[in-house]
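Dropping run-v8.pdb in here (PDB, C-alpha atoms):
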```pdb
MODEL        1
ATOM      1  CA  MET A  85      28.239   1.802  -6.949
ATOM      2  CA  SER A  86      25.425   0.904  -4.563
ATOM      3  CA  TYR A  87      21.963  -0.233  -5.573
ATOM      4  CA  ILE A  88      18.401   0.340  -4.432
ATOM      5  CA  VAL A  89      16.418  -2.876  -4.072
ATOM      6  CA  VAL A  90      12.652  -2.667  -4.492
ATOM      7  CA  THR A  91      10.799  -5.818  -3.483
ATOM      8  CA  GLY A  92       7.379  -6.123  -5.040
ATOM      9  CA  GLY A  93       8.901  -4.018  -7.790
ATOM     10  CA  ALA A  94       6.432  -5.207 -10.417
ATOM     11  CA  GLY A  95       3.522  -4.569  -8.078
ATOM     12  CA  PHE A  96       1.337  -1.535  -7.640
ATOM     13  CA  ILE A  97       3.233   0.708  -5.238
ATOM     14  CA  GLY A  98       6.618  -0.831  -6.077
ATOM     15  CA  ALA A  99       6.390  -0.097  -9.806
ATOM     16  CA  ASN A 100       5.247   3.455  -9.107
ATOM     17  CA  VAL A 101       8.198   3.955  -6.752
ATOM     18  CA  ILE A 102      10.614   2.757  -9.441
ATOM     19  CA  LYS A 103       8.953   5.031 -12.009
ATOM     20  CA  ARG A 104       9.472   8.017  -9.714
ATOM     21  CA  LEU A 105      13.066   6.976  -8.981
ATOM     22  CA  ASN A 106      13.708   6.817 -12.729
ATOM     23  CA  GLU A 107      12.290  10.323 -13.133
ATOM     24  CA  ARG A 108      14.811  11.465 -10.536
ATOM     25  CA  GLY A 109      17.677   9.865 -12.451
ATOM     26  CA  GLU A 110      17.964   6.626 -10.442
ATOM     27  CA  GLU A 111      18.538   3.494 -12.522
ATOM     28  CA  LYS A 112      20.814   1.424 -10.263
ATOM     29  CA  ILE A 113      17.777  -0.542  -9.123
ATOM     30  CA  ILE A 114      17.231  -4.249  -8.503
ATOM     31  CA  VAL A 115      13.644  -5.480  -8.880
ATOM     32  CA  VAL A 116      12.624  -8.363  -6.616
ATOM     33  CA  ASP A 117       9.282 -10.032  -7.237
ATOM     34  CA  ASN A 118       7.468 -13.211  -8.225
ATOM     35  CA  LEU A 119       5.997 -12.715 -11.677
ATOM     36  CA  ASN A 120       4.660 -16.299 -11.926
ATOM     37  CA  SER A 121       1.925 -16.468 -14.591
ATOM     38  CA  SER A 122       0.454 -13.040 -13.880
ATOM     39  CA  GLU A 123       0.430 -10.082 -16.225
ATOM     40  CA  LYS A 124       2.065  -7.683 -13.778
ATOM     41  CA  TRP A 125       5.312  -7.904 -15.760
ATOM     42  CA  LYS A 126       3.671  -5.213 -17.893
ATOM     43  CA  ASN A 127       4.236  -2.742 -15.037
ATOM     44  CA  LEU A 128       7.983  -3.154 -15.651
ATOM     45  CA  VAL A 129       8.010  -2.518 -19.402
ATOM     46  CA  GLU A 130       8.615   1.226 -19.259
ATOM     47  CA  LEU A 131      10.893   1.154 -16.211
ATOM     48  CA  SER A 132      14.700   1.283 -16.107
ATOM     49  CA  PHE A 133      16.476  -1.061 -13.685
ATOM     50  CA  GLU A 134      19.675  -3.056 -13.482
ATOM     51  CA  ASP A 135      18.400  -6.549 -12.698
ATOM     52  CA  TYR A 136      15.416  -8.721 -11.777
ATOM     53  CA  VAL A 137      15.666 -11.377  -9.038
ATOM     54  CA  HIS A 138      12.949 -13.815  -8.000
ATOM     55  CA  LYS A 139      11.890 -13.248  -4.392
ATOM     56  CA  THR A 140      12.835 -16.785  -3.281
ATOM     57  CA  LYS A 141      16.315 -16.545  -4.771
ATOM     58  CA  PHE A 142      16.718 -13.073  -3.285
ATOM     59  CA  ILE A 143      15.967 -14.123   0.287
ATOM     60  CA  GLU A 144      18.329 -17.099  -0.061
ATOM     61  CA  MET A 145      21.096 -14.756  -1.174
ATOM     62  CA  ILE A 146      20.284 -12.427   1.722
ATOM     63  CA  LYS A 147      20.475 -15.265   4.261
ATOM     64  CA  ASN A 148      23.740 -16.545   2.821
ATOM     65  CA  GLU A 149      25.107 -13.054   2.083
ATOM     66  CA  THR A 150      26.149 -14.111  -1.402
ATOM     67  CA  PHE A 151      25.424 -10.813  -3.160
ATOM     68  CA  THR A 152      28.396  -9.220  -4.916
ATOM     69  CA  ARG A 153      26.639  -5.862  -5.228
ATOM     70  CA  ALA A 154      26.501  -3.248  -2.486
ATOM     71  CA  PHE A 155      23.083  -2.018  -1.432
ATOM     72  CA  ARG A 156      22.214   1.560  -0.612
ATOM     73  CA  ALA A 157      18.685   0.661   0.496
ATOM     74  CA  ILE A 158      16.115  -2.114   0.483
ATOM     75  CA  MET A 159      12.593  -0.811  -0.028
ATOM     76  CA  HIS A 160      10.482  -3.782   0.987
ATOM     77  CA  LEU A 161       7.118  -3.193  -0.668
ATOM     78  CA  GLY A 162       6.361  -6.794  -1.601
ATOM     79  CA  ALA A 163       3.791  -8.730   0.415
ATOM     80  CA  ARG A 164       0.723 -10.889   0.215
ATOM     81  CA  SER A 165      -1.770  -8.031   0.542
ATOM     82  CA  SER A 166      -5.146  -9.767   0.336
ATOM     83  CA  THR A 167      -7.317  -8.820   3.316
ATOM     84  CA  THR A 168      -9.362 -12.001   2.763
ATOM     85  CA  GLU A 169      -6.402 -14.417   2.644
ATOM     86  CA  LYS A 170      -7.209 -17.419   4.871
ATOM     87  CA  ASN A 171      -3.853 -19.205   4.700
ATOM     88  CA  VAL A 172      -2.352 -17.627   7.803
ATOM     89  CA  GLU A 173       0.846 -19.672   7.621
ATOM     90  CA  PHE A 174       1.415 -18.345   4.102
ATOM     91  CA  LEU A 175       0.911 -14.776   5.361
ATOM     92  CA  MET A 176       3.296 -15.308   8.262
ATOM     93  CA  GLU A 177       6.011 -16.667   5.998
ATOM     94  CA  ASN A 178       5.631 -13.964   3.342
ATOM     95  CA  ASN A 179       4.778 -10.913   5.417
ATOM     96  CA  TYR A 180       6.501 -11.616   8.739
ATOM     97  CA  ASN A 181       9.458 -13.992   8.391
ATOM     98  CA  TYR A 182      10.561 -12.607   5.012
ATOM     99  CA  THR A 183      10.511  -9.062   6.396
ATOM    100  CA  LYS A 184      12.486 -10.132   9.477
ATOM    101  CA  GLU A 185      15.262 -11.605   7.365
ATOM    102  CA  LEU A 186      15.557  -8.435   5.292
ATOM    103  CA  ALA A 187      15.535  -6.225   8.381
ATOM    104  CA  LYS A 188      18.248  -8.244  10.113
ATOM    105  CA  TYR A 189      20.409  -8.129   6.988
ATOM    106  CA  CYS A 190      20.039  -4.362   6.641
ATOM    107  CA  LEU A 191      20.747  -3.723  10.303
ATOM    108  CA  ALA A 192      23.873  -5.877  10.172
ATOM    109  CA  ASN A 193      25.161  -4.288   6.970
ATOM    110  CA  ASN A 194      24.258  -0.624   7.465
ATOM    111  CA  VAL A 195      21.699  -0.662   4.634
ATOM    112  CA  ARG A 196      18.684   1.654   4.682
ATOM    113  CA  PHE A 197      15.537  -0.427   5.320
ATOM    114  CA  ILE A 198      12.082   0.895   4.435
ATOM    115  CA  TYR A 199       9.199  -1.548   4.664
ATOM    116  CA  ALA A 200       5.452  -1.508   4.049
ATOM    117  CA  SER A 201       3.312  -1.943   7.108
ATOM    118  CA  SER A 202      -0.424  -1.304   6.714
ATOM    119  CA  ALA A 203      -3.363   0.693   8.019
ATOM    120  CA  ALA A 204      -5.030  -2.709   8.447
ATOM    121  CA  THR A 205      -3.078  -2.942  11.710
ATOM    122  CA  TYR A 206      -5.437  -0.323  13.193
ATOM    123  CA  GLY A 207      -8.360  -2.740  13.178
ATOM    124  CA  ASP A 208     -11.722  -1.090  13.829
ATOM    125  CA  GLY A 209     -10.043   2.205  14.696
ATOM    126  CA  SER A 210     -11.341   2.239  18.265
ATOM    127  CA  ARG A 211      -7.798   2.861  19.513
ATOM    128  CA  GLY A 212      -7.234   5.643  17.024
ATOM    129  CA  PHE A 213      -4.910   6.001  14.039
ATOM    130  CA  SER A 214      -1.811   7.455  15.640
ATOM    131  CA  ASP A 215       1.564   6.253  14.357
ATOM    132  CA  GLU A 216       3.211   6.858  17.722
ATOM    133  CA  HIS A 217       5.054   3.728  18.822
ATOM    134  CA  ALA A 218       3.273   3.532  22.175
ATOM    135  CA  LEU A 219       0.059   2.582  20.361
ATOM    136  CA  ILE A 220       1.513  -0.412  18.490
ATOM    137  CA  PRO A 221       1.028  -3.030  21.273
ATOM    138  CA  LEU A 222      -2.571  -1.894  21.779
ATOM    139  CA  LEU A 223      -3.739  -2.433  18.199
ATOM    140  CA  ARG A 224      -6.045  -5.314  17.294
ATOM    141  CA  PRO A 225      -6.220  -6.024  13.530
ATOM    142  CA  LEU A 226      -9.473  -7.439  12.163
ATOM    143  CA  ASN A 227      -7.958  -9.853   9.637
ATOM    144  CA  ALA A 228      -4.969 -12.159   9.234
ATOM    145  CA  TYR A 229      -3.294  -9.851   6.731
ATOM    146  CA  GLY A 230      -3.370  -6.989   9.228
ATOM    147  CA  TYR A 231      -2.038  -9.290  11.933
ATOM    148  CA  SER A 232       0.873 -10.449   9.737
ATOM    149  CA  LYS A 233       1.871  -6.793   9.403
ATOM    150  CA  GLN A 234       1.241  -5.969  13.044
ATOM    151  CA  ILE A 235       3.405  -8.796  14.356
ATOM    152  CA  PHE A 236       6.450  -7.499  12.476
ATOM    153  CA  ASP A 237       5.879  -3.996  13.832
ATOM    154  CA  LEU A 238       5.773  -5.531  17.307
ATOM    155  CA  TRP A 239       8.954  -7.543  16.695
ATOM    156  CA  ALA A 240      10.795  -4.421  15.547
ATOM    157  CA  LEU A 241       9.492  -2.454  18.520
ATOM    158  CA  LYS A 242      10.361  -5.081  21.139
ATOM    159  CA  ASN A 243      13.867  -5.513  19.756
ATOM    160  CA  GLY A 244      14.580  -1.783  19.677
ATOM    161  CA  PHE A 245      14.846  -1.591  15.882
ATOM    162  CA  LEU A 246      12.255   1.082  15.111
ATOM    163  CA  ASP A 247      14.802   3.832  15.684
ATOM    164  CA  LYS A 248      16.939   2.304  12.910
ATOM    165  CA  ILE A 249      14.396   1.370  10.198
ATOM    166  CA  VAL A 250      11.268   2.888   8.612
ATOM    167  CA  GLY A 251       7.811   1.304   8.542
ATOM    168  CA  LEU A 252       5.084   2.906   6.427
ATOM    169  CA  LYS A 253       1.409   2.353   7.196
ATOM    170  CA  TYR A 254      -0.303   2.776   3.848
ATOM    171  CA  PHE A 255      -3.986   3.657   3.942
ATOM    172  CA  ASN A 256      -6.328   3.177   0.937
ATOM    173  CA  VAL A 257      -3.977   3.655  -2.013
ATOM    174  CA  TYR A 258      -5.339   3.846  -5.558
ATOM    175  CA  GLY A 259      -3.998   4.797  -8.961
ATOM    176  CA  PRO A 260      -2.187   3.609 -12.100
ATOM    177  CA  GLY A 261      -0.569   0.174 -12.003
ATOM    178  CA  GLU A 262      -3.091  -1.644  -9.783
ATOM    179  CA  TRP A 263      -5.020  -3.382 -12.576
ATOM    180  CA  HIS A 264      -3.481  -6.802 -11.813
ATOM    181  CA  LYS A 265      -4.566  -6.933  -8.154
ATOM    182  CA  GLY A 266      -7.831  -8.822  -8.667
ATOM    183  CA  GLU A 267     -10.289  -8.266  -5.803
ATOM    184  CA  MET A 268      -7.720  -6.041  -4.089
ATOM    185  CA  ARG A 269      -8.065  -3.424  -6.845
ATOM    186  CA  SER A 270      -9.202  -0.068  -5.509
ATOM    187  CA  MET A 271     -12.853   0.938  -5.618
ATOM    188  CA  VAL A 272     -11.909   3.695  -8.060
ATOM    189  CA  LEU A 273     -10.859   1.112 -10.633
ATOM    190  CA  LYS A 274     -13.762  -1.223  -9.807
ATOM    191  CA  ALA A 275     -16.217   1.673 -10.051
ATOM    192  CA  TYR A 276     -14.796   2.702 -13.418
ATOM    193  CA  GLU A 277     -15.171  -0.863 -14.698
ATOM    194  CA  GLN A 278     -18.730  -1.104 -13.361
ATOM    195  CA  ILE A 279     -19.763   2.151 -15.027
ATOM    196  CA  LYS A 280     -18.292   1.071 -18.349
ATOM    197  CA  LYS A 281     -20.261  -2.173 -18.116
ATOM    198  CA  ASP A 282     -23.516  -1.278 -16.331
ATOM    199  CA  LYS A 283     -23.614   2.546 -16.140
ATOM    200  CA  LYS A 284     -23.824   2.339 -12.323
ATOM    201  CA  ILE A 285     -21.713   1.672  -9.242
ATOM    202  CA  LYS A 286     -22.405  -0.907  -6.542
ATOM    203  CA  LEU A 287     -21.469  -0.069  -2.945
ATOM    204  CA  PHE A 288     -21.918  -2.088   0.237
ATOM    205  CA  LYS A 289     -24.814  -1.335   2.531
ATOM    206  CA  SER A 290     -23.929  -0.195   6.036
ATOM    207  CA  TYR A 291     -24.629  -2.441   9.022
ATOM    208  CA  ASN A 292     -23.527   0.168  11.530
ATOM    209  CA  THR A 293     -26.241   2.591  12.635
ATOM    210  CA  LEU A 294     -23.678   5.400  12.838
ATOM    211  CA  TYR A 295     -23.186   5.293   9.069
ATOM    212  CA  LYS A 296     -25.756   5.453   6.284
ATOM    213  CA  ASP A 297     -25.297   3.325   3.172
ATOM    214  CA  GLY A 298     -22.222   4.515   1.288
ATOM    215  CA  GLU A 299     -21.236   6.908   4.062
ATOM    216  CA  GLN A 300     -18.586   4.603   5.526
ATOM    217  CA  LEU A 301     -15.391   6.645   5.648
ATOM    218  CA  ARG A 302     -11.870   5.979   4.397
ATOM    219  CA  ASP A 303      -8.601   7.851   4.040
ATOM    220  CA  PHE A 304      -8.080   7.497   0.288
ATOM    221  CA  ILE A 305      -4.583   8.417  -0.944
ATOM    222  CA  TYR A 306      -3.465   8.694  -4.555
ATOM    223  CA  VAL A 307      -0.476   6.503  -5.374
ATOM    224  CA  LYS A 308       1.508   9.527  -6.582
ATOM    225  CA  ASP A 309       1.278  11.021  -3.087
ATOM    226  CA  ALA A 310       2.057   7.687  -1.425
ATOM    227  CA  VAL A 311       5.183   7.379  -3.587
ATOM    228  CA  GLU A 312       6.413  10.878  -2.680
ATOM    229  CA  MET A 313       6.033  10.080   1.019
ATOM    230  CA  THR A 314       7.866   6.788   0.545
ATOM    231  CA  ILE A 315      10.820   8.306  -1.309
ATOM    232  CA  PHE A 316      11.013  11.079   1.296
ATOM    233  CA  PHE A 317      12.437   8.486   3.706
ATOM    234  CA  LEU A 318      14.967   7.286   1.162
ATOM    235  CA  GLU A 319      16.437  10.782   1.209
ATOM    236  CA  LYS A 320      16.003  11.558   4.919
ATOM    237  CA  THR A 321      18.202   8.809   6.302
ATOM    238  CA  GLU A 322      18.201  10.386   9.754
ATOM    239  CA  LEU A 323      14.464   9.677  10.113
ATOM    240  CA  ASN A 324      13.274   6.320  11.416
ATOM    241  CA  GLY A 325      10.207   4.724  12.956
ATOM    242  CA  ILE A 326       6.592   4.013  11.989
ATOM    243  CA  PHE A 327       4.828   6.634   9.865
ATOM    244  CA  ASN A 328       1.339   6.819   8.386
ATOM    245  CA  VAL A 329       0.974   7.286   4.625
ATOM    246  CA  GLY A 330      -2.391   8.945   4.092
ATOM    247  CA  THR A 331      -4.035  12.311   3.590
ATOM    248  CA  GLY A 332      -5.436  12.861   7.069
ATOM    249  CA  ILE A 333      -8.881  13.346   5.495
ATOM    250  CA  ALA A 334     -11.730  10.825   5.703
ATOM    251  CA  ARG A 335     -14.060  10.675   2.687
ATOM    252  CA  SER A 336     -17.080   8.481   2.059
ATOM    253  CA  TRP A 337     -17.591   5.791  -0.555
ATOM    254  CA  ASN A 338     -20.375   7.977  -1.921
ATOM    255  CA  ASP A 339     -17.843  10.791  -2.371
ATOM    256  CA  LEU A 340     -15.591   8.421  -4.261
ATOM    257  CA  ALA A 341     -18.430   7.172  -6.476
ATOM    258  CA  ASN A 342     -19.525  10.721  -7.249
ATOM    259  CA  ALA A 343     -15.936  11.659  -8.138
ATOM    260  CA  VAL A 344     -15.776   8.801 -10.645
ATOM    261  CA  PHE A 345     -19.076   9.798 -12.257
ATOM    262  CA  SER A 346     -17.948  13.435 -12.345
ATOM    263  CA  ALA A 347     -14.672  12.543 -14.075
ATOM    264  CA  LEU A 348     -16.683  10.701 -16.725
ATOM    265  CA  ARG A 349     -19.249  13.540 -16.934
ATOM    266  CA  MET A 350     -22.114  11.241 -16.019
ATOM    267  CA  GLN A 351     -25.011  11.506 -13.599
ATOM    268  CA  PRO A 352     -24.436   9.347 -10.502
ATOM    269  CA  GLU A 353     -26.292   6.058 -10.210
ATOM    270  CA  ILE A 354     -25.426   4.046  -7.099
ATOM    271  CA  GLU A 355     -26.861   0.692  -6.021
ATOM    272  CA  TYR A 356     -26.315  -0.471  -2.435
ATOM    273  CA  ILE A 357     -25.770  -4.207  -2.125
ATOM    274  CA  ASP A 358     -25.461  -6.678   0.755
ATOM    275  CA  MET A 359     -22.035  -7.097   2.268
ATOM    276  CA  PRO A 360     -20.654 -10.667   2.110
ATOM    277  CA  GLU A 361     -21.073 -12.478   5.427
ATOM    278  CA  GLU A 362     -17.377 -13.327   5.645
ATOM    279  CA  ILE A 363     -16.344  -9.674   5.891
ATOM    280  CA  LYS A 364     -19.201  -8.178   7.930
ATOM    281  CA  ASN A 365     -17.384  -8.593  11.232
ATOM    282  CA  LYS A 366     -14.031  -7.519   9.778
ATOM    283  CA  TYR A 367     -15.164  -4.368   8.014
ATOM    284  CA  GLN A 368     -13.564  -1.009   8.808
ATOM    285  CA  TYR A 369     -16.226   1.715   8.888
ATOM    286  CA  PHE A 370     -13.790   4.562   9.461
ATOM    287  CA  THR A 371     -10.112   5.228   8.781
ATOM    288  CA  LYS A 372      -8.235   8.512   8.912
ATOM    289  CA  ALA A 373      -4.463   8.733   9.120
ATOM    290  CA  GLU A 374      -2.971  10.898  11.822
ATOM    291  CA  MET A 375      -0.399  12.842   9.798
ATOM    292  CA  THR A 376       1.165  15.071  12.477
ATOM    293  CA  LYS A 377       4.258  12.886  12.831
ATOM    294  CA  LEU A 378       5.120  12.940   9.123
ATOM    295  CA  LYS A 379       4.590  16.686   8.899
ATOM    296  CA  SER A 380       6.729  17.237  11.987
ATOM    297  CA  ALA A 381       9.450  15.201  10.268
ATOM    298  CA  GLY A 382       9.523  17.810   7.503
ATOM    299  CA  TYR A 383       7.182  16.450   4.839
ATOM    300  CA  ASN A 384       5.048  19.352   3.660
ATOM    301  CA  ASN A 385       4.035  18.428   0.120
ATOM    302  CA  PRO A 386       0.333  19.026  -0.608
ATOM    303  CA  THR A 387      -1.726  15.960  -1.483
ATOM    304  CA  PHE A 388      -4.214  15.528  -4.312
ATOM    305  CA  SER A 389      -7.855  16.000  -3.394
ATOM    306  CA  LEU A 390      -9.991  12.920  -3.971
ATOM    307  CA  GLU A 391     -11.726  14.608  -6.901
ATOM    308  CA  ASP A 392      -8.515  15.780  -8.588
ATOM    309  CA  ALA A 393      -6.795  12.435  -8.128
ATOM    310  CA  VAL A 394      -9.728  10.409  -9.436
ATOM    311  CA  ARG A 395      -9.967  12.721 -12.448
ATOM    312  CA  ASP A 396      -6.246  12.355 -13.176
ATOM    313  CA  TYR A 397      -6.369   8.565 -12.791
ATOM    314  CA  ILE A 398      -9.392   8.133 -15.038
ATOM    315  CA  LEU A 399      -8.688  10.671 -17.760
ATOM    316  CA  ASN A 400      -4.920  10.292 -18.049
ATOM    317  CA  TYR A 401      -4.640   6.541 -17.472
ATOM    318  CA  LEU A 402      -7.807   4.422 -17.518
ATOM    319  CA  GLU A 403      -9.421   6.195 -20.470
ATOM    320  CA  LYS A 404      -6.172   5.857 -22.431
ATOM    321  CA  CYS A 405      -5.746   2.110 -21.940
TER     322      CYS A 405
ENDMDL
END
```
Turn this file's structure into structure tokens for me.
Amino acid sequence: MSYIVVTGGAGFIGANVIKRLNERGEEKIIVVDNLNSSEKWKNLVELSFEDYVHKTKFIEMIKNETFTRAFRAIMHLGARSSTTEKNVEFLMENNYNYTKELAKYCLANNVRFIYASSAATYGDGSRGFSDEHALIPLLRPLNAYGYSKQIFDLWALKNGFLDKIVGLKYFNVYGPGEWHKGEMRSMVLKAYEQIKKDKKIKLFKSYNTLYKDGEQLRDFIYVKDAVEMTIFFLEKTELNGIFNVGTGIARSWNDLANAVFSALRMQPEIEYIDMPEEIKNKYQYFTKAEMTKLKSAGYNNPTFSLEDAVRDYILNYLEKC
């Protein structure tokens, strides 16, 4: 019997992937993560899986090939995902070197490899948001996190591996299971918390004359949709390469704030605040996933609208906590 490994399995997207796999009858799953002193272990409580392995022990076993179990796939969703992380060496070790070791193992052992890249690789978006491989060398990420993801994409491209593995560029994912992510929590969750505390939402002012305050645009994707797109590649083993995971629709922060107020049946009250100096020059004013490639690959599931997804998240999860 072969197993599915999910790294970052106690994390936001990882736990949601395992939940969906369980719903489909999959329980031969190995969770890889670093629970340390965080509370994210709670994401595992209702999940069914065979074993838990610490990420350091797992990579040692991969390097030494000391596993006795056979793997059907490694879904590498674990990473240091903070866009403000300043320890670049830490990012390179966790997001680049770790991913390389897993990729090399999978390629050598005929194991399906699906890994999380990021929309942060697109930088300011001036070169577009196409997931065609020709664009990869032209991208210029705005932060070290984005670069740590970009450099693996480049390594895979230069070594001719992208026709044998799958990289997924997740855009702005939000939904159940993200509560432990600190400052990297989605604005939906932060907005909900702000309303519960202060009855209003704070959004960053715009410092780009092309965008009014709160009208900066993002491709927001509900985690349930992101999970379906991810598992699609577990099934379609003939498909490989880099693919965007988004909706293909850009919505404003004001839209998001209004959706949160609407779900709570409250009148909107938005305060625009100064953006921290350290992120002003690294801020993405516009993101929108180009989804033609995924659709051409056969993925045709409809995605939640921002309003429907926010309502589902708030009413069926946050309000029930």
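When you apply the PyMOL selection byres ((chain A and resi 219) around 12) to this structure, what comes back is A:Thr205, A:Tyr206, A:Gly209, A:Ser210, A:Arg211, A:Gly212, A:Phe213, A:Ser214, A:Asp215, A:Glu216, A:His217, A:Ala218, A:Ile220, A:Pro221, A:Leu222, A:Leu223, A:Arg224, A:Gln234, A:Asp237, A:Leu238, A:Leu241, A:Ile326.
All residues of protein, DNA or RNA that reach within 7 Å of segment 95-109 of chain A, judged by all atoms listed in the file and not counting those fewer than 6 positions away in the chain, are Lys124, Asn127, Leu128, Leu131, Ser132, Leu161, Gly261, Glu262, Val307 and Val311 of chain A.
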Quiz item: Please, what distance in Å, to one decimal, runs between atom CA of Lys126 of chain A and atom CA of Tyr229 of chain A?
Solution: 26.0 Å
Self-check item: Within 12 Å of Lys366 of chain A using all atoms listed in the file, minus same-chain residues under 2 positions, as number ranges by chain
Solution: A: 167-168, 204, 206-209, 224-230, 291, 359-364, 368-369
Self-check item: Chain and number of each residue from the PyMOL selection byres ((chain A and resi 348) around 9), as a PyMOL selection string
Solution: chain A and resi 276+343-347+349-351+395+398-399
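The space between atom CA of Lys248 of chain A and atom CA of Phe304 of chain A spans 28.5 Å.
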Quiz item: Evaluating the PyMOL selection byres ((chain A and resi 263) around 12) on the displayed file yields which residues, as number ranges by chain?
Solution: A: 94-97, 122-127, 258-262, 264-274, 276-277, 401-402, 405
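Interatomic distance, atom CA of Lys184 of chain A against atom CA of Glu110 of chain A: 26.6 Å.
Checking A:Ala381, A:Ile305, A:Val129, A:Met176 one by one against Val394 of chain A, counting only C-alpha atoms, you find the shortest gap at A:Ile305.
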Find the axis-aligned box for segment 191-208 of chain A, covering all its listed atoms and adding 4 Å on each side, and write its centre and edge lengths in Å to one decimal as JSON.
```
{"center_x": 6.7, "center_y": -2.1, "center_z": 8.9, "size_x": 44.9, "size_y": 15.5, "size_z": 17.8}
```
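Compared by their closest atoms to Phe255 of chain A, and using only C-alpha atoms, the residues A:Arg302, A:Arg335, A:Lys404, A:Lys308 rank with A:Arg302 nearest.
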Practice problem: List every protein, DNA or RNA residue with an atom no more than 12 Å from (11.3, -21.4, -5.9) in the file's coordinates, counting only C-alpha atoms, and format the result as a PyMOL selection string. | Solution: chain A and resi 117-120+137-144
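The protein and nucleic acid residues lying at most 10 Å from Tyr383 of chain A are A:Glu312, A:Met313, A:Phe316, A:Phe317, A:Met375, A:Thr376, A:Lys377, with only C-alpha atoms considered and sequence neighbours fewer than 6 positions away removed.
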Self-check item: Residue neighbourhood segment 186-191 of chain A, 9 Å, only C-alpha atoms, exclusion window fewer than 3 positions, as a PyMOL selection string
Solution: chain A and resi 143+146-147+149+155+157-158+160+181-183+194-199+240+245+248-249
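Between Asn342 of chain A and the candidates A:Tyr295, A:Thr387, A:Ile285, A:Thr150, the tightest atom-to-atom separation, counting only C-alpha atoms, involves A:Ile285.
Shortest separation to Glu299 of chain A among A:Asp339, A:Asp358, A:Glu322, A:Asp282 occurs at residue A:Asp339, atoms counted being all atoms listed in the file.
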Self-check item: Residue nearest Glu391 of chain A - candidates A:Ile113, A:Leu340, A:Ala373, A:Ala192, atoms counted: all atoms listed in the file
Solution: A:Leu340
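Using all atoms listed in the file, the shortest contact distance between Leu323 of chain A and any of A:Met145, A:Leu378, A:Val89, A:Ala163 is found at A:Leu378.
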Where atoms are absent from segment 271-281 of chain A, fill them in so it carries N, CA, C and O atoms, then output it as a CSV table (one decimal), keeping the file's coordinate frame.
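Just written: result_31.csv:
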```csv
chain,number,residue,atom,x,y,z
A,271,MET,N,-11.5,0.7,-5.2
A,271,MET,CA,-12.9,0.9,-5.6
A,271,MET,C,-12.9,1.9,-6.8
A,271,MET,O,-13.9,1.9,-7.5
A,272,VAL,N,-11.9,2.8,-6.9
A,272,VAL,CA,-11.9,3.7,-8.1
A,272,VAL,C,-11.9,2.9,-9.4
A,272,VAL,O,-12.7,3.1,-10.3
A,273,LEU,N,-11.0,1.9,-9.4
A,273,LEU,CA,-10.9,1.1,-10.6
A,273,LEU,C,-12.1,0.2,-10.8
A,273,LEU,O,-12.6,0.1,-11.9
A,274,LYS,N,-12.6,-0.4,-9.7
A,274,LYS,CA,-13.8,-1.2,-9.8
A,274,LYS,C,-15.0,-0.4,-10.2
A,274,LYS,O,-15.8,-0.9,-11.1
A,275,ALA,N,-15.1,0.8,-9.7
A,275,ALA,CA,-16.2,1.7,-10.1
A,275,ALA,C,-16.2,2.0,-11.5
A,275,ALA,O,-17.2,2.0,-12.2
A,276,TYR,N,-15.0,2.4,-12.0
A,276,TYR,CA,-14.8,2.7,-13.4
A,276,TYR,C,-15.2,1.5,-14.3
A,276,TYR,O,-16.0,1.7,-15.3
A,277,GLU,N,-14.8,0.3,-13.9
A,277,GLU,CA,-15.2,-0.9,-14.7
A,277,GLU,C,-16.7,-1.1,-14.7
A,277,GLU,O,-17.3,-1.5,-15.7
A,278,GLN,N,-17.3,-0.9,-13.5
A,278,GLN,CA,-18.7,-1.1,-13.4
A,278,GLN,C,-19.5,-0.1,-14.2
A,278,GLN,O,-20.5,-0.5,-14.9
A,279,ILE,N,-19.1,1.1,-14.2
A,279,ILE,CA,-19.8,2.2,-15.0
A,279,ILE,C,-19.7,1.8,-16.5
A,279,ILE,O,-20.6,2.0,-17.3
A,280,LYS,N,-18.5,1.4,-16.9
A,280,LYS,CA,-18.3,1.1,-18.3
A,280,LYS,C,-19.2,-0.1,-18.8
A,280,LYS,O,-19.6,-0.2,-19.9
A,281,LYS,N,-19.5,-1.0,-17.8
A,281,LYS,CA,-20.3,-2.2,-18.1
A,281,LYS,C,-21.8,-1.9,-17.9
A,281,LYS,O,-22.6,-2.3,-18.7
```
